[in-house]
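Heads up, start_11.cif below (mmCIF, C-alpha atoms):
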data_upload
#
loop_
_atom_site.label_atom_id
_atom_site.label_comp_id
_atom_site.auth_asym_id
_atom_site.auth_seq_id
_atom_site.Cartn_x
_atom_site.Cartn_y
_atom_site.Cartn_z
CA MET A 1 2.74 17.01 2.58
CA SER A 2 2.64 15.61 6.10
CA SER A 3 3.51 12.07 7.02
CA VAL A 4 0.89 9.58 8.14
CA THR A 5 1.41 7.51 11.27
CA PHE A 6 0.35 3.93 11.80
CA SER A 7 0.44 1.63 14.80
CA THR A 8 0.87 -1.82 13.25
CA TYR A 9 2.12 -3.34 10.04
CA ASP A 10 -1.43 -4.50 9.29
CA SER A 11 -2.74 -0.96 9.64
CA LEU A 12 0.00 0.26 7.28
CA ILE A 13 -1.04 -2.32 4.68
CA LYS A 14 -4.66 -1.24 5.04
CA ARG A 15 -3.81 2.46 4.74
CA VAL A 16 -1.64 1.89 1.64
CA THR A 17 -4.42 -0.13 0.00
CA GLU A 18 -6.97 2.58 0.80
CA PHE A 19 -4.60 5.23 -0.53
CA ARG A 20 -4.23 3.37 -3.84
CA LEU A 21 -8.02 2.98 -4.16
CA GLU A 22 -8.51 6.70 -3.50
CA HIS A 23 -6.09 7.63 -6.31
CA PRO A 24 -7.05 5.45 -9.31
CA ASN A 25 -6.23 8.21 -11.78
CA LEU A 26 -2.51 8.06 -10.96
CA THR A 27 -0.10 5.66 -12.62
CA GLU A 28 1.40 2.91 -10.50
CA THR A 29 4.72 4.77 -10.47
CA GLU A 30 3.04 7.99 -9.31
CA GLN A 31 1.15 6.07 -6.62
CA ASP A 32 4.37 4.39 -5.46
CA THR A 33 6.12 7.75 -5.15
CA LEU A 34 3.25 9.31 -3.20
CA VAL A 35 2.88 6.25 -0.96
CA ARG A 36 6.60 6.31 -0.11
CA GLN A 37 6.48 10.04 0.63
CA THR A 38 3.21 9.97 2.56
CA PHE A 39 3.95 6.94 4.72
CA LYS A 40 7.72 7.54 4.95
CA ILE A 41 8.63 4.04 3.80
CA ASP A 42 11.35 2.86 1.44
CA ARG A 43 10.99 0.89 -1.78
CA ALA A 44 11.74 -2.45 -0.13
CA ALA A 45 8.94 -1.94 2.41
CA LEU A 46 6.56 -0.89 -0.36
CA ARG A 47 7.40 -4.02 -2.40
CA GLU A 48 6.78 -6.15 0.67
CA ILE A 49 3.44 -4.44 1.35
CA ASP A 50 2.36 -4.86 -2.27
CA GLY A 51 3.35 -8.52 -2.11
CA MET A 52 1.35 -9.04 1.09
CA THR A 53 -1.68 -7.36 -0.47
CA ASP A 54 -1.44 -9.65 -3.50
CA LEU A 55 -1.15 -12.68 -1.24
CA ILE A 56 -4.20 -11.64 0.79
CA GLN A 57 -6.25 -11.14 -2.38
CA VAL A 58 -5.26 -14.58 -3.71
CA GLU A 59 -6.18 -16.21 -0.38
CA LEU A 60 -9.56 -14.45 -0.35
CA LEU A 61 -10.29 -15.62 -3.90
CA ARG A 62 -9.38 -19.16 -2.92
CA ILE A 63 -11.82 -19.04 0.00
CA LEU A 64 -14.66 -17.73 -2.16
#
Represent the structure of the file as structure tokens.
Amino acid sequence: MSSVTFSTYDSLIKRVTEFRLEHPNLTETEQDTLVRQTFKIDRAALREIDGMTDLIQVELLRIL
């Protein structure tokens, strides 16, 4: 499995979100493992990304 490169933190968040949507058949734990391996990030970074994604979704719902 090769690593995926990204240029900004925002692009990393987008790529992780897309990755999760492309693999709905995996459990959250399996997705987390693959995300960490694919994007070469640690658990703390993944928790932060997941938290940012949740925050963005809440803000979008508030706007709508």
Can you work out the spacing between CA of Asp42 in chain A and CA of Arg15 in chain A in Å, to one decimal?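 Interatomic distance, CA of Asp42 in chain A to CA of Arg15 in chain A: 15.5 Å.
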Quick one: of A:Gln31, A:Asn25, A:Thr8, A:Thr38, who's nearest to Asp50 in chain A, counting all atoms listed in the file?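 So, comparing all the options, the nearest one is A:Gln31.
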Atomic separation - CA of Val16 in chain A relative to CA of Val35 in chain A, Å: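 Pair CA of Val35 in chain A / CA of Val16 in chain A returns 6.8 Å.
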Pick from A:Thr27, A:Gly51, A:Ile13, A:Leu21: nearest to Phe39 in chain A, with all atoms listed in the file counted?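 Among the listed residues, the smallest separation from Phe39 in chain A belongs to A:Ile13.
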Exercise: Arg43 in chain A partners within 12 Å, all atoms listed in the file, chain neighbours under 5 positions left out, as number ranges by chain: A: 29, 32-37, 48-50
Distance in Å - CA of Tyr9 in chain A versus CA of Ala45 in chain A: 10.3 Å
Put a box with edges along x, y and z around all the listed atoms of range 9-27 of chain A, pad it by 8 Å on each side, then give me its centre and sizes in Å, one decimal, as lines of an AutoDock Vina configuration file.
center_x = -3.2
center_y = 1.9
center_z = -1.3
size_x = 26.6
size_y = 28.7
size_z = 38.7
